[in-house]
$ cat my_file31.csv   # CSV, C-alpha atoms
chain,number,residue,atom,x,y,z
A,1,MET,CA,40.3,3.4,9.0
A,2,ALA,CA,37.3,1.8,10.6
A,3,ALA,CA,35.5,-1.0,8.9
A,4,LEU,CA,32.0,-0.2,7.7
A,5,SER,CA,30.6,-3.2,9.7
A,6,GLU,CA,32.1,-1.8,12.9
A,7,LEU,CA,30.3,1.5,12.3
A,8,LEU,CA,27.0,-0.1,11.5
A,9,GLY,CA,27.3,-2.3,14.5
A,10,ASP,CA,26.0,0.6,16.7
A,11,THR,CA,22.6,0.3,14.9
A,12,VAL,CA,21.9,-3.1,16.4
A,13,ALA,CA,23.9,-2.8,19.7
A,14,ASP,CA,22.0,-3.2,23.0
A,15,VAL,CA,18.5,-3.6,21.4
A,16,ASP,CA,15.6,-5.2,23.2
A,17,GLY,CA,14.0,-6.8,20.2
A,18,LEU,CA,14.2,-7.5,16.4
A,19,PHE,CA,11.2,-6.8,14.2
A,20,MET,CA,11.1,-8.6,10.9
A,21,PHE,CA,8.5,-7.3,8.4
A,22,ALA,CA,7.2,-10.2,6.2
A,23,PRO,CA,10.4,-12.3,6.1
A,24,SER,CA,10.9,-15.4,4.0
A,25,HIS,CA,11.5,-18.7,5.7
A,26,SER,CA,15.3,-18.4,5.1
A,27,GLN,CA,15.4,-14.9,6.3
A,28,TYR,CA,13.6,-15.8,9.5
A,29,GLU,CA,15.7,-18.9,10.2
A,30,ARG,CA,18.8,-16.8,10.2
A,31,PHE,CA,17.6,-14.6,13.1
A,32,GLU,CA,15.1,-16.7,15.1
A,33,ASP,CA,17.8,-17.9,17.5
A,34,THR,CA,19.5,-14.6,18.3
A,35,ASP,CA,20.0,-13.3,21.8
A,36,VAL,CA,17.0,-10.9,21.5
A,37,PRO,CA,13.3,-11.6,20.9
A,38,THR,CA,12.4,-11.8,17.2
A,39,ILE,CA,8.9,-10.4,16.3
A,40,VAL,CA,7.5,-11.1,12.9
A,41,VAL,CA,5.1,-8.5,11.4
A,42,ALA,CA,3.3,-9.8,8.3
A,43,PRO,CA,-0.2,-10.5,6.8
A,44,ASP,CA,0.1,-14.2,7.7
A,45,ASN,CA,2.4,-16.1,10.0
A,46,THR,CA,3.8,-18.3,7.3
A,47,VAL,CA,7.2,-18.7,9.1
A,48,GLU,CA,5.4,-20.0,12.2
A,49,ALA,CA,7.0,-17.4,14.5
A,50,GLU,CA,6.4,-17.7,18.2
A,51,THR,CA,5.8,-13.9,18.4
A,52,PHE,CA,3.7,-12.5,15.6
A,53,VAL,CA,1.8,-9.2,14.9
A,54,GLU,CA,-0.7,-9.5,12.0
A,55,LEU,CA,-0.3,-6.7,9.4
A,56,PRO,CA,-3.8,-6.4,7.8
A,57,LEU,CA,-2.9,-3.6,5.4
A,58,GLN,CA,0.3,-3.4,3.2
A,59,PHE,CA,1.3,0.1,4.4
A,60,GLN,CA,3.4,1.4,1.6
A,61,ASN,CA,4.7,4.1,3.9
A,62,VAL,CA,7.5,2.4,5.8
A,63,LYS,CA,7.0,4.7,8.8
A,64,ASP,CA,3.4,3.7,9.1
A,65,ARG,CA,4.3,0.0,8.7
A,66,ILE,CA,6.9,0.2,11.5
A,67,ARG,CA,4.5,2.2,13.7
A,68,PHE,CA,1.8,-0.4,13.3
A,69,GLY,CA,4.1,-3.3,14.1
A,70,ILE,CA,5.5,-1.6,17.2
A,71,GLU,CA,2.0,-0.6,18.4
A,72,GLY,CA,0.8,-4.1,17.9
A,73,ALA,CA,3.7,-5.5,19.9
A,74,MET,CA,3.0,-3.0,22.7
A,75,GLU,CA,-0.6,-4.1,22.8
A,76,GLN,CA,0.5,-7.7,23.1
A,77,ASN,CA,3.1,-6.7,25.8
A,78,LEU,CA,6.0,-7.9,23.7
A,79,VAL,CA,7.7,-4.5,24.0
A,80,GLU,CA,7.2,-1.5,26.2
A,81,ALA,CA,8.0,2.2,26.3
A,82,GLY,CA,11.7,2.8,26.8
A,83,ASP,CA,12.8,-0.3,24.8
A,84,THR,CA,15.0,0.1,21.8
A,85,VAL,CA,14.3,-2.2,18.9
A,86,VAL,CA,15.7,-2.7,15.4
A,87,CYS,CA,13.3,-3.1,12.4
A,88,ASN,CA,14.3,-5.2,9.4
A,89,VAL,CA,12.1,-3.9,6.5
A,90,GLY,CA,11.9,-4.0,2.7
A,91,ILE,CA,11.8,-0.6,1.1
A,92,PHE,CA,13.0,-1.2,-2.5
A,93,GLY,CA,11.4,-4.5,-3.2
A,94,GLY,CA,10.3,-7.8,-1.7
A,95,ASP,CA,13.6,-8.5,0.1
A,96,LEU,CA,14.4,-7.1,3.6
A,97,ASP,CA,16.9,-4.5,2.5
A,98,SER,CA,16.9,-1.9,5.3
A,99,VAL,CA,17.5,-1.7,9.1
A,100,VAL,CA,16.0,1.0,11.2
A,101,ARG,CA,16.7,1.5,14.9
A,102,VAL,CA,13.7,2.8,16.9
A,103,ARG,CA,13.1,3.8,20.5
A,104,VAL,CA,9.7,2.7,21.7
A,105,GLU,CA,7.6,5.6,23.1
A,106,GLU,CA,4.3,5.6,24.8
A,107,ASN,CA,2.9,8.1,22.2
A,108,MET,CA,3.3,5.3,19.6
A,109,ARG,CA,-0.1,4.0,20.8
A,110,SER,CA,-2.0,5.9,18.0
A,111,GLY,CA,-5.0,3.6,17.8
A,112,ILE,CA,-4.1,2.1,14.3
A,113,TYR,CA,-3.6,-1.4,15.7
A,114,ASP,CA,-6.7,-1.1,17.8
A,115,LEU,CA,-8.6,-0.1,14.7
A,116,PHE,CA,-8.1,-3.5,13.2
A,117,ALA,CA,-7.5,-5.8,16.2
A,118,ASN,CA,-10.2,-4.6,18.6
A,119,SER,CA,-13.0,-3.4,16.3
A,120,ARG,CA,-16.4,-5.2,16.3
A,121,ALA,CA,-16.0,-5.9,12.6
A,122,ASP,CA,-13.7,-8.7,11.4
A,123,PRO,CA,-10.3,-7.2,10.6
A,124,GLY,CA,-10.5,-8.7,7.1
A,125,VAL,CA,-13.8,-6.8,6.5
A,126,ILE,CA,-12.2,-3.5,7.5
A,127,ARG,CA,-9.2,-4.3,5.2
A,128,ASP,CA,-11.6,-5.0,2.3
A,129,VAL,CA,-13.5,-1.7,2.8
A,130,PHE,CA,-10.2,0.2,2.9
A,131,GLU,CA,-9.2,-1.5,-0.4
A,132,VAL,CA,-12.5,-0.4,-2.0
A,133,ALA,CA,-12.0,3.2,-0.8
A,134,ILE,CA,-8.4,3.3,-1.9
A,135,GLU,CA,-9.2,2.0,-5.3
A,136,LEU,CA,-12.1,4.5,-5.7
A,137,GLY,CA,-9.8,7.3,-4.6
A,138,LYS,CA,-7.3,6.3,-7.3
A,139,LYS,CA,-9.8,6.1,-10.2
A,140,GLY,CA,-12.8,8.1,-9.1
A,141,GLN,CA,-16.0,7.9,-11.1
A,142,LYS,CA,-15.2,8.2,-14.8
A,143,GLY,CA,-12.0,10.0,-14.0
A,144,GLU,CA,-13.7,12.6,-11.7
A,145,PRO,CA,-13.0,12.8,-7.9
A,146,VAL,CA,-15.7,11.2,-5.7
A,147,GLY,CA,-16.4,11.1,-2.0
A,148,ALA,CA,-17.8,8.1,-0.1
A,149,LEU,CA,-18.6,7.0,3.4
A,150,PHE,CA,-18.5,3.4,4.7
A,151,VAL,CA,-19.7,2.6,8.2
A,152,VAL,CA,-18.5,-0.9,9.3
A,153,GLY,CA,-19.8,-2.9,12.2
A,154,ASP,CA,-22.5,-2.5,14.8
A,155,ALA,CA,-25.0,-2.2,11.9
A,156,GLY,CA,-28.1,-2.5,14.0
A,157,LYS,CA,-27.3,0.6,16.0
A,158,VAL,CA,-26.1,2.5,12.9
A,159,MET,CA,-29.4,1.8,11.1
A,160,ASN,CA,-31.3,3.1,14.2
A,161,LYS,CA,-29.3,6.3,14.1
A,162,SER,CA,-29.9,6.9,10.4
A,163,ARG,CA,-32.6,7.1,7.8
A,164,PRO,CA,-32.9,6.2,4.2
A,165,LEU,CA,-32.4,8.7,1.4
A,166,SER,CA,-33.6,6.4,-1.3
A,167,TYR,CA,-34.5,2.8,-2.1
A,168,ASN,CA,-32.0,0.4,-0.6
A,169,PRO,CA,-30.6,-1.8,-3.4
A,170,PHE,CA,-29.2,-4.2,-0.8
A,171,GLU,CA,-32.4,-4.7,1.2
A,172,LYS,CA,-33.1,-8.3,0.1
A,173,SER,CA,-29.6,-9.3,-1.0
A,174,HIS,CA,-26.9,-11.3,0.7
A,175,VAL,CA,-23.8,-9.8,-0.7
A,176,TYR,CA,-20.5,-9.2,1.1
A,177,VAL,CA,-17.7,-6.7,0.6
A,178,GLY,CA,-14.6,-8.3,-0.8
A,179,ASP,CA,-16.3,-10.0,-3.6
A,180,PRO,CA,-14.9,-8.4,-6.8
A,181,ILE,CA,-18.4,-8.1,-8.3
A,182,VAL,CA,-19.8,-6.5,-5.1
A,183,ASN,CA,-16.9,-4.1,-5.0
A,184,VAL,CA,-17.7,-2.9,-8.5
A,185,MET,CA,-21.3,-2.3,-7.3
A,186,LEU,CA,-20.1,-0.3,-4.3
A,187,LYS,CA,-18.0,1.9,-6.6
A,188,GLU,CA,-21.0,2.5,-8.8
A,189,PHE,CA,-23.4,3.4,-6.0
A,190,SER,CA,-20.8,5.6,-4.3
A,191,ARG,CA,-21.6,8.5,-6.7
A,192,LEU,CA,-24.9,9.0,-4.9
A,193,ASP,CA,-25.4,10.6,-1.5
A,194,GLY,CA,-25.5,8.7,1.8
A,195,ALA,CA,-23.5,6.2,3.7
A,196,PHE,CA,-23.0,2.5,3.1
A,197,VAL,CA,-23.7,0.4,6.2
A,198,ILE,CA,-21.7,-2.9,6.5
A,199,SER,CA,-22.1,-5.6,9.1
A,200,ASP,CA,-19.4,-7.0,11.3
A,201,SER,CA,-19.1,-10.0,9.0
A,202,GLY,CA,-19.0,-7.8,5.8
A,203,LYS,CA,-22.6,-8.1,4.6
A,204,ILE,CA,-23.7,-4.9,2.9
A,205,VAL,CA,-26.8,-3.9,4.9
A,206,SER,CA,-27.7,-0.7,3.2
A,207,ALA,CA,-26.7,2.2,0.9
A,208,TYR,CA,-28.0,5.7,0.8
A,209,ARG,CA,-28.2,6.1,4.6
A,210,TYR,CA,-28.4,9.6,6.1
A,211,LEU,CA,-26.6,9.5,9.4
A,212,GLU,CA,-28.3,11.4,12.2
A,213,PRO,CA,-26.0,11.4,15.3
A,214,SER,CA,-25.3,14.7,16.9
A,215,ALA,CA,-22.0,16.3,15.8
A,216,GLU,CA,-21.5,18.0,19.1
A,217,GLY,CA,-18.0,17.2,20.5
A,218,VAL,CA,-16.6,15.7,17.3
A,219,ASP,CA,-13.4,17.4,16.3
A,220,ILE,CA,-12.3,17.2,12.7
A,221,PRO,CA,-9.7,19.2,10.9
A,222,LYS,CA,-10.7,22.4,9.1
A,223,GLY,CA,-11.7,21.9,5.5
A,224,LEU,CA,-13.4,18.6,6.0
A,225,GLY,CA,-17.2,18.7,5.6
A,226,ALA,CA,-20.4,17.0,6.6
A,227,ARG,CA,-19.3,13.5,5.3
A,228,HIS,CA,-16.4,13.5,7.7
A,229,MET,CA,-18.4,15.0,10.6
A,230,ALA,CA,-21.1,12.3,10.2
A,231,GLY,CA,-18.5,9.6,9.9
A,232,GLY,CA,-16.8,10.7,13.1
A,233,ALA,CA,-20.1,11.2,15.0
A,234,ILE,CA,-21.5,7.8,14.3
A,235,THR,CA,-18.4,6.1,15.7
A,236,ARG,CA,-18.7,8.1,18.8
A,237,ASP,CA,-22.3,6.9,19.3
A,238,SER,CA,-21.7,3.3,18.3
A,239,ASN,CA,-19.1,0.6,18.1
A,240,ALA,CA,-18.7,1.1,14.4
A,241,THR,CA,-15.7,2.2,12.3
A,242,SER,CA,-16.1,4.8,9.6
A,243,ILE,CA,-13.9,4.9,6.5
A,244,VAL,CA,-14.3,8.1,4.5
A,245,LEU,CA,-13.0,9.0,1.1
A,246,SER,CA,-12.7,12.8,0.7
A,247,GLU,CA,-13.9,14.3,-2.5
A,248,SER,CA,-11.9,17.5,-1.9
A,249,ASP,CA,-8.4,16.2,-1.1
A,250,GLY,CA,-8.7,12.5,-2.2
A,251,LEU,CA,-7.5,11.1,1.2
A,252,VAL,CA,-9.0,8.1,2.9
A,253,ARG,CA,-9.6,8.5,6.6
A,254,ALA,CA,-10.7,6.1,9.3
A,255,PHE,CA,-12.7,7.1,12.4
A,256,LYS,CA,-13.1,5.2,15.6
A,257,GLY,CA,-14.5,6.5,18.9
A,258,GLY,CA,-15.2,9.9,17.3
A,259,LYS,CA,-11.6,10.4,16.3
A,260,ILE,CA,-9.5,10.2,13.2
A,261,ILE,CA,-7.2,7.2,13.6
A,262,LEU,CA,-5.7,6.7,10.2
A,263,GLU,CA,-5.1,8.8,7.1
A,264,ILE,CA,-4.1,7.3,3.8
A,265,ASP,CA,-3.3,8.8,0.4
A,266,PRO,CA,-4.6,6.4,-2.3
A,267,GLU,CA,-1.8,7.5,-4.6
A,268,ASP,CA,0.7,5.9,-2.3
A,269,TYR,CA,-0.8,2.5,-2.9
$ encode --input "my_file31.csv" --output "structure tokens"
Amino acid sequence: MAALSELLGDTVADVDGLFMFAPSHSQYERFEDTDVPTIVVAPDNTVEAETFVELPLQFQNVKDRIRFGIEGAMEQNLVEAGDTVVCNVGIFGGDLDSVVRVRVEENMRSGIYDLFANSRADPGVIRDVFEVAIELGKKGQKGEPVGALFVVGDAGKVMNKSRPLSYNPFEKSHVYVGDPIVNVMLKEFSRLDGAFVISDSGKIVSAYRYLEPSAEGVDIPKGLGARHMAGGAITRDSNATSIVLSESDGLVRAFKGGKIILEIDPEDY
């Protein structure tokens, strides 16, 4: 009868890299001197790893988490298509409790890593806007579903390609997304029509903006309406990123370059 360790050994045999997702110092120290490169994927490089991929969102879906880490490593030329890697992740709690063997494929370049790492806006700003949209998707307005559109980055061009629907409550203010009080304001104003425009640094430039870019050539799935079409079109015509909360299905979607890059169910967070 074969020992279990012998059977599981195939999972880590002949791999080209080890991905550790948010390891503790003790966990990292156990593996940093192995015979394959160790790549840490985490919100911060607290273990001072030599090779590190920043994880700006705590993807609750393990598949999304792994895909983001591998895509980031590909963009940094740490791994390439054809490599086989093993991912050490935590599924049932804070500890790294699972090992997944993955073959790196070129089609893993989905654009999710680029959405954060190479957008005009600061990655932390995009993360903060995602968190507002996700929280709004969970709770809605007084228990009712609500839709919202946030356009982040390249604010000057976005303002030139839009017009006001009403008085801009942020016109003379200097408030930034991420501040808890400001986030409450965003949730309150989201019940009204129009887009929020947010600068690269997170300053809220405007609310109630009607986006006017042409929708020609923007491909969105059937069932999604004008809010998604406008959010996609403005990212095609500018260097902005759009984050859209759908009132109909409750999902949060991110657009960049006119395409949907990321789709999140707030109930998974």
$ atom_distance --input "my_file31.csv" --atom1 "CA of Arg30 in chain A" --atom2 "CA of Val99 in chain A"
15.2 Å
$ atom_distance --input "my_file31.csv" --atom1 "CA of Thr46 in chain A" --atom2 "CA of Asp16 in chain A"
23.7 Å
$ closest_residue --input "my_file31.csv" --among "A:Gly82, A:Gly153, A:Pro221, A:Pro56" --to "Asn239 in chain A" --atoms "all atoms listed in the file"
A:Gly153
$ closest_residue --input "my_file31.csv" --among "A:Ala226, A:Val132, A:Val244, A:Val158" --to "Asn183 in chain A" --atoms "all atoms listed in the file"
A:Val132
$ closest_residue --input "my_file31.csv" --among "A:Thr34, A:Ser201, A:Thr235, A:Ser214" --to "Val129 in chain A" --atoms "only C-alpha atoms"
A:Ser201
$ residues_around --input "my_file31.csv" --residues "range 83-93 of chain A" --least-positions-apart "4" --cutoff "7 Å" --atoms "all atoms listed in the file" --output "number ranges by chain"
A: 12, 15-21, 79, 97-104
$ residues_around --input "my_file31.csv" --residues "Glu263 in chain A" --least-positions-apart "6" --cutoff "8 Å" --atoms "all atoms listed in the file" --output "PyMOL selection string"
chain A and resi 251-254
$ closest_residue --input "my_file31.csv" --among "A:Leu211, A:Val218, A:Val182, A:Ile134" --to "Asn160 in chain A" --atoms "all atoms listed in the file"
A:Leu211
$ closest_residue --input "my_file31.csv" --among "A:Phe196, A:Phe116, A:Phe31, A:Phe130" --to "Glu171 in chain A" --atoms "all atoms listed in the file"
A:Phe196
